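A.B. asks: Below is one structure. I have some questions about it.
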Number of protein chains: 2
Amino acid sequence: MFKKILIAEDQQSANISLQKTLHDLQIETTDYVYYCDHALSWIKNAKRDDEPYDLLITDLSFEPDNNTQVLEHGTDLIREARNVHPELKVIVFSGENRPSVIDDLFENLNIDGYVRKARHDADHLKQAIHTVYGEKRYQPSAIKQAIREENSFEFTTVDITIVSLLYQGEMQKNIPFILKQRQLKPCSLSSVEKRLNIMKEALGFVKNEQLAVYCKEKGLI
Amino acid sequence: MFKKILIAEDQQSANISLQKTLHDLQIETTDYVYYCDHALSWIKNAKRDDEPYDLLITDLSFEPDNNTQVLEHGTDLIREARNVHPELKVIVFSGENRPSVIDDLFENLNIDGYVRKARHDADHLKQAIHTVYGEKRYQPSAIKQAIREENSFEFTTVDITIVSLLYQGEMQKNIPFILKQRQLKPCSLSSVEKRLNIMKEALGFVKNEQLAVYCKEKGLI
DNA sequence: TTTTGTCTTACGGAAAACCGTAAGACAAAA
DNA sequence: TTTTGTCTTACGGTTTTCCGTAAGACAAAA
């Protein structure tokens, strides 16, 4: 089993139960920090002293406070940690439940496991640790399903850009110019209109307001 | 100090740390349940057996699962609990950070304390329990401030209705009819336009899409 | 009751968005 | 190279929204 684990979690109560869970698993060394910057320091120092961590368990969102941080988000921490210590296993423990966001962690940050703060999270975390220790990914099947089901509609890059621009306050008729600047392909006003219609049709909406809220909630923009 | 406390929290890890925190406070009896319906049963039974709870600590959102519940939300539980046991103290322990929503709990459900799942939540919970035991409310000052600061703009009932209708897919030009049906006062098309302009102006927006997302995120609609 | 100021409504022109159709571009197949 | 089908773009008319102005309603003060 893992010998040395680092917990990065700013929420005190979550941190407490993480400690208890790892204690149950009889992990030799479990260190815990409340800030991303601290986590990175500990990882660096452990590596330097030739006693590297086996596993990092981290949250995604860290609340800003007086203690200003360089690394503001769990994803930043993961990226930097992998820089200094590529073999480090990473399990994300977060309340995030937007499939697109979670999927992104596996695809782009290559995390080893994801445990959502939810009903049986403590049990799931134990399972995740065992699974990752066995060199496998712990990716709840529900996520893959959810991506297929919920994201029944496949947003293209242009789609996301269009909705983002609307959300940023751009007028629809100006969007073609911006798309051309960014060298995105279907960029005529007609195409913008068409894409907006297709998106709304697919999701059962009639107004752009609904589309914007939907995309914001899904973490697409 | 409180003798008998009930915890209603579906998230296993949060439940674990709540138990530990109450254990630190040497509470005689702490029961914990994972569903609202169970919580209400326990409260009823305790009352019937003349051993009522002193304090309920509850989350707001409970994840639906196979185990279908009558009470789906913490607010439902609080309402029902107060019905059968009016003197019961209630502390809400949740991740909710929208001031308008939290304020609503104090105003309309008359809760005794609110502790947000955040950096020092375990410590804050202990403070909250002590404060509520002393017959005072535990309402983080930050909330009141935030309401004043963030909600720099005061939304009227009509404002909220207008944005809600847009979000529901109503065309702007049809909104006057609906406002008249609901007997809301400024209900002409001109007024709808004017209110939308005022809201956007106040919040630095130019498009309705931005306004809809803002109101959705703030929990206003 | 009259006056005054504010809020609401009505109206009309301009801008933007919507929607259908046709023309054009482009790539794959013949 | 030609053909075919699909995707993109251009265009024009209609609807909706936007925005300024003026008229009307209403309540408080004179």
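By order in the structure tokens, chains are A, B, ...; within a chain, residues start at 1; ligands start at 1, following the order shown.
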Any chance you could lay chain A over chain B, fitting all C-alpha atoms in order by least squares, and write the moved chain as a short mmCIF file (atom, residue, chain, number, x, y, z; two decimals) with C-alpha atoms, in the first residue's frame?

C.D. replies:
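Saved to superposed13.cif:
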data_model
loop_
_atom_site.label_atom_id
_atom_site.label_comp_id
_atom_site.auth_asym_id
_atom_site.auth_seq_id
_atom_site.Cartn_x
_atom_site.Cartn_y
_atom_site.Cartn_z
CA MET A 1 -24.36 22.46 26.92
CA PHE A 2 -26.73 20.70 24.50
CA LYS A 3 -27.35 17.13 25.53
CA LYS A 4 -28.94 15.64 22.46
CA ILE A 5 -28.06 16.58 18.91
CA LEU A 6 -29.17 15.20 15.55
CA ILE A 7 -27.03 15.42 12.43
CA ALA A 8 -28.67 15.23 9.01
CA GLU A 9 -25.96 15.09 6.36
CA ASP A 10 -25.78 12.81 3.36
CA GLN A 11 -22.12 13.36 2.58
CA GLN A 12 -20.29 10.63 4.42
CA SER A 13 -17.05 12.52 4.94
CA ALA A 14 -18.84 15.60 6.27
CA ASN A 15 -20.90 13.37 8.54
CA ILE A 16 -17.71 11.79 9.91
CA SER A 17 -16.10 15.08 10.81
CA LEU A 18 -19.35 16.40 12.31
CA GLN A 19 -19.39 13.39 14.59
CA LYS A 20 -15.79 13.98 15.55
CA THR A 21 -16.42 17.66 16.24
CA LEU A 22 -19.38 16.91 18.50
CA HIS A 23 -17.35 14.23 20.19
CA ASP A 24 -14.73 16.86 20.97
CA LEU A 25 -17.44 18.97 22.56
CA GLN A 26 -18.43 16.00 24.72
CA ILE A 27 -22.06 16.03 23.69
CA GLU A 28 -23.85 13.15 25.41
CA THR A 29 -25.98 11.97 22.56
CA THR A 30 -25.26 12.62 18.91
CA ASP A 31 -27.31 10.76 16.38
CA TYR A 32 -26.63 11.02 12.68
CA VAL A 33 -28.73 10.19 9.67
CA TYR A 34 -28.15 10.37 5.93
CA TYR A 35 -31.67 11.23 4.79
CA CYS A 36 -34.15 14.01 5.56
CA ASP A 37 -37.02 11.57 6.06
CA HIS A 38 -35.03 9.64 8.65
CA ALA A 39 -34.19 12.87 10.41
CA LEU A 40 -37.84 13.82 10.69
CA SER A 41 -38.76 10.36 12.01
CA TRP A 42 -36.07 10.54 14.66
CA ILE A 43 -37.23 13.99 15.70
CA LYS A 44 -40.83 12.82 15.92
CA ASN A 45 -39.97 9.69 17.88
CA ALA A 46 -37.70 11.54 20.28
CA LYS A 47 -40.46 14.06 20.91
CA ARG A 48 -43.02 11.30 21.44
CA ASP A 49 -40.74 9.51 23.90
CA ASP A 50 -40.30 12.76 25.75
CA GLU A 51 -36.59 12.84 25.00
CA PRO A 52 -36.56 15.58 22.36
CA TYR A 53 -33.49 16.77 20.53
CA ASP A 54 -31.96 20.06 21.58
CA LEU A 55 -30.34 20.84 18.25
CA LEU A 56 -30.54 19.83 14.62
CA ILE A 57 -27.50 20.26 12.41
CA THR A 58 -28.45 19.81 8.79
CA ASP A 59 -27.14 20.21 5.28
CA LEU A 60 -29.28 21.87 2.62
CA SER A 61 -28.88 19.72 -0.45
CA PHE A 62 -29.33 15.98 -0.29
CA GLU A 63 -28.39 13.93 -3.29
CA PRO A 64 -31.31 11.86 -4.64
CA ASP A 65 -30.63 8.15 -4.86
CA ASN A 66 -32.62 4.91 -5.10
CA ASN A 67 -33.94 5.57 -1.65
CA THR A 68 -36.76 7.94 -2.66
CA GLN A 69 -37.48 10.59 -0.08
CA VAL A 70 -40.55 12.65 0.79
CA LEU A 71 -38.38 15.50 2.02
CA GLU A 72 -35.89 16.29 -0.70
CA HIS A 73 -34.19 19.36 0.67
CA GLY A 74 -32.86 20.62 3.98
CA THR A 75 -35.35 23.46 3.97
CA ASP A 76 -38.22 20.96 3.80
CA LEU A 77 -36.76 19.14 6.77
CA ILE A 78 -36.42 22.33 8.79
CA ARG A 79 -40.00 23.35 8.05
CA GLU A 80 -41.42 19.97 9.05
CA ALA A 81 -39.18 19.66 12.08
CA ARG A 82 -40.34 23.03 13.35
CA ASN A 83 -43.92 21.88 12.86
CA VAL A 84 -43.57 18.98 15.26
CA HIS A 85 -41.01 20.55 17.55
CA PRO A 86 -41.10 24.38 17.47
CA GLU A 87 -38.42 24.96 20.12
CA LEU A 88 -35.82 22.89 18.26
CA LYS A 89 -32.65 24.85 17.53
CA VAL A 90 -31.37 24.54 13.98
CA ILE A 91 -27.90 25.09 12.59
CA VAL A 92 -27.43 24.75 8.84
CA PHE A 93 -24.10 23.35 7.65
CA SER A 94 -23.79 23.74 3.92
CA GLY A 95 -21.55 24.79 1.08
CA GLU A 96 -24.06 27.38 -0.07
CA ASN A 97 -22.43 30.79 -0.30
CA ARG A 98 -25.03 32.90 -2.06
CA PRO A 99 -25.91 35.62 0.44
CA SER A 100 -29.50 35.91 -0.74
CA VAL A 101 -30.10 32.23 -0.12
CA ILE A 102 -28.46 32.22 3.31
CA ASP A 103 -30.26 35.36 4.34
CA ASP A 104 -33.52 33.75 3.33
CA LEU A 105 -32.88 30.91 5.80
CA PHE A 106 -32.62 33.34 8.70
CA GLU A 107 -35.53 35.50 7.58
CA ASN A 108 -38.06 32.90 6.53
CA LEU A 109 -37.08 29.67 8.26
CA ASN A 110 -35.77 31.42 11.34
CA ILE A 111 -32.73 29.20 11.66
CA ASP A 112 -30.40 29.78 14.60
CA GLY A 113 -27.06 29.48 12.88
CA TYR A 114 -25.30 29.04 9.59
CA VAL A 115 -21.87 27.48 9.11
CA ARG A 116 -20.46 27.38 5.63
CA LYS A 117 -18.39 24.40 4.53
CA ALA A 118 -15.13 26.27 4.09
CA ARG A 119 -11.68 26.79 5.46
CA HIS A 120 -12.32 26.80 9.23
CA ASP A 121 -15.72 25.20 9.26
CA ALA A 122 -15.04 22.77 12.11
CA ASP A 123 -13.95 25.62 14.38
CA HIS A 124 -16.86 27.76 13.26
CA LEU A 125 -19.25 24.96 14.00
CA LYS A 126 -18.01 24.75 17.58
CA GLN A 127 -18.45 28.50 17.93
CA ALA A 128 -21.91 28.27 16.41
CA ILE A 129 -23.00 25.59 18.84
CA HIS A 130 -21.83 27.66 21.79
CA THR A 131 -23.49 30.79 20.45
CA VAL A 132 -26.80 29.09 19.75
CA TYR A 133 -26.69 27.43 23.16
CA GLY A 134 -26.50 30.96 24.57
CA GLU A 135 -29.81 31.73 22.84
CA LYS A 136 -28.14 33.87 20.20
CA ARG A 137 -28.02 33.63 16.46
CA TYR A 138 -24.79 32.61 14.75
CA GLN A 139 -24.90 34.60 11.54
CA PRO A 140 -21.48 35.31 10.04
CA SER A 141 -21.09 39.05 9.64
CA ALA A 142 -19.65 38.49 6.20
CA ILE A 143 -23.10 37.52 5.02
CA LYS A 144 -24.81 40.77 5.91
CA GLN A 145 -21.93 42.69 4.39
CA ALA A 146 -21.98 40.58 1.29
CA ILE A 147 -25.66 41.21 0.81
CA ARG A 148 -25.09 44.93 0.90
CA GLU A 149 -21.98 44.86 -1.26
CA GLU A 150 -22.70 42.19 -3.80
CA ASN A 151 -26.37 42.91 -4.17
CA SER A 152 -25.55 46.53 -4.70
CA PHE A 153 -28.61 46.50 -6.88
CA GLU A 154 -31.97 45.90 -5.26
CA PHE A 155 -34.06 43.59 -7.37
CA THR A 156 -37.78 44.15 -7.12
CA THR A 157 -40.30 41.33 -7.38
CA VAL A 158 -41.08 42.45 -10.90
CA ASP A 159 -37.38 42.44 -11.81
CA ILE A 160 -37.00 38.86 -10.66
CA THR A 161 -40.17 37.86 -12.47
CA ILE A 162 -39.03 39.44 -15.71
CA VAL A 163 -35.67 37.70 -15.69
CA SER A 164 -37.31 34.42 -14.68
CA LEU A 165 -39.72 34.64 -17.58
CA LEU A 166 -36.93 35.37 -20.03
CA TYR A 167 -35.04 32.41 -18.64
CA GLN A 168 -38.14 30.28 -19.11
CA GLY A 169 -38.20 31.22 -22.76
CA GLU A 170 -40.87 33.91 -22.85
CA MET A 171 -40.54 36.58 -25.46
CA GLN A 172 -40.03 40.02 -24.06
CA LYS A 173 -43.11 41.39 -25.81
CA ASN A 174 -45.33 38.77 -24.13
CA ILE A 175 -44.14 39.49 -20.64
CA PRO A 176 -46.58 42.40 -20.02
CA PHE A 177 -49.55 40.02 -20.36
CA ILE A 178 -48.08 37.61 -17.81
CA LEU A 179 -47.28 40.41 -15.39
CA LYS A 180 -50.87 41.59 -15.65
CA GLN A 181 -52.13 38.06 -14.97
CA ARG A 182 -50.01 37.96 -11.85
CA GLN A 183 -51.20 41.46 -10.95
CA LEU A 184 -47.71 42.85 -10.73
CA LYS A 185 -47.60 46.58 -10.94
CA PRO A 186 -45.31 48.08 -13.56
CA CYS A 187 -46.37 45.82 -16.38
CA SER A 188 -46.18 47.71 -19.64
CA LEU A 189 -43.74 46.73 -22.32
CA SER A 190 -41.98 50.03 -21.77
CA SER A 191 -41.55 49.24 -18.11
CA VAL A 192 -40.19 45.80 -18.87
CA GLU A 193 -37.66 47.37 -21.19
CA LYS A 194 -36.83 50.00 -18.64
CA ARG A 195 -36.34 47.54 -15.79
CA LEU A 196 -34.10 45.37 -17.95
CA ASN A 197 -32.03 48.42 -18.84
CA ILE A 198 -31.75 49.50 -15.23
CA MET A 199 -30.69 46.03 -14.11
CA LYS A 200 -28.07 45.71 -16.83
CA GLU A 201 -26.81 49.24 -16.26
CA ALA A 202 -26.47 48.65 -12.51
CA LEU A 203 -24.52 45.44 -12.99
CA GLY A 204 -22.38 46.58 -15.90
CA PHE A 205 -23.97 44.30 -18.46
CA VAL A 206 -25.14 44.96 -21.97
CA LYS A 207 -26.93 41.73 -22.86
CA ASN A 208 -29.79 39.82 -21.29
CA GLU A 209 -27.70 36.67 -21.48
CA GLN A 210 -25.34 38.10 -18.89
CA LEU A 211 -28.19 39.13 -16.65
CA ALA A 212 -29.79 35.70 -16.79
CA VAL A 213 -26.55 33.93 -15.86
CA TYR A 214 -25.93 36.40 -13.04
CA CYS A 215 -29.38 35.93 -11.54
CA LYS A 216 -29.17 32.16 -11.88
CA GLU A 217 -25.80 32.04 -10.15
CA LYS A 218 -26.99 34.27 -7.34
CA GLY A 219 -30.00 32.06 -6.77
CA LEU A 220 -32.39 34.88 -7.54
CA ILE A 221 -34.31 32.90 -10.15
#

A.B. asks: Taking only C-alpha atoms (C1' of nucleotides) into account, what are the residues of chain C at most 10 Å from chain A, put as a ChimeraX atom specification?

C.D. replies: /C:16-19

A.B. asks: I'd like the contact shell of C:DT4 - 10 Å cut-off, only C-alpha atoms (C1' of nucleotides), skipping same-chain residues fewer than 2 positions apart - returned as a list of chain:residue names.

C.D. replies: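 Those residues are C:DT2, C:DT6, D:DA28, D:DA29, D:DA30.
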
A.B. asks: Write a file of the selected residues as a short mmCIF file (atom, residue, chain, number, x, y, z; two decimals), in the first residue's frame, keeping C-alpha atoms (C1' of nucleotides).

C.D. replies:
data_model
loop_
_atom_site.label_atom_id
_atom_site.label_comp_id
_atom_site.auth_asym_id
_atom_site.auth_seq_id
_atom_site.Cartn_x
_atom_site.Cartn_y
_atom_site.Cartn_z
"C1'" DT C 2 -54.97 72.75 -8.00
"C1'" DT C 6 -42.56 61.10 -10.31
"C1'" DA D 28 -48.15 64.23 -2.26
"C1'" DA D 29 -47.94 69.00 -1.26
"C1'" DA D 30 -49.88 73.64 -1.66
#

A.B. asks: Could you please determine the separation between atom C1' of C:DG12 and atom C1' of D:DG13 in Å, to one decimal place?

C.D. replies: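 For atom C1' of C:DG12 relative to atom C1' of D:DG13, the distance reads 19.8 Å.
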
A.B. asks: In Å, with one decimal, what is the gap from atom C1' of D:DT2 to atom C1' of C:DA30?

C.D. replies: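 Taking atom C1' of D:DT2 as the start and atom C1' of C:DA30 as the end point, the length is 8.1 Å.
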
A.B. asks: Chain D near chain A within 12 Å: what's each residue's closest atom pair and its distance in Å to one decimal, counting only C-alpha atoms (C1' of nucleotides), ordered by chain then ascending residue number, as a tab-separated table?

C.D. replies:
residue	atom	partner	partner_atom	distance
D:DC7	C1'	A:Pro186	CA	9.1
D:DT8	C1'	A:Pro186	CA	6.7
D:DT9	C1'	A:Ser188	CA	6.4
D:DA10	C1'	A:Ser190	CA	8.4
D:DC11	C1'	A:Ser190	CA	10.3
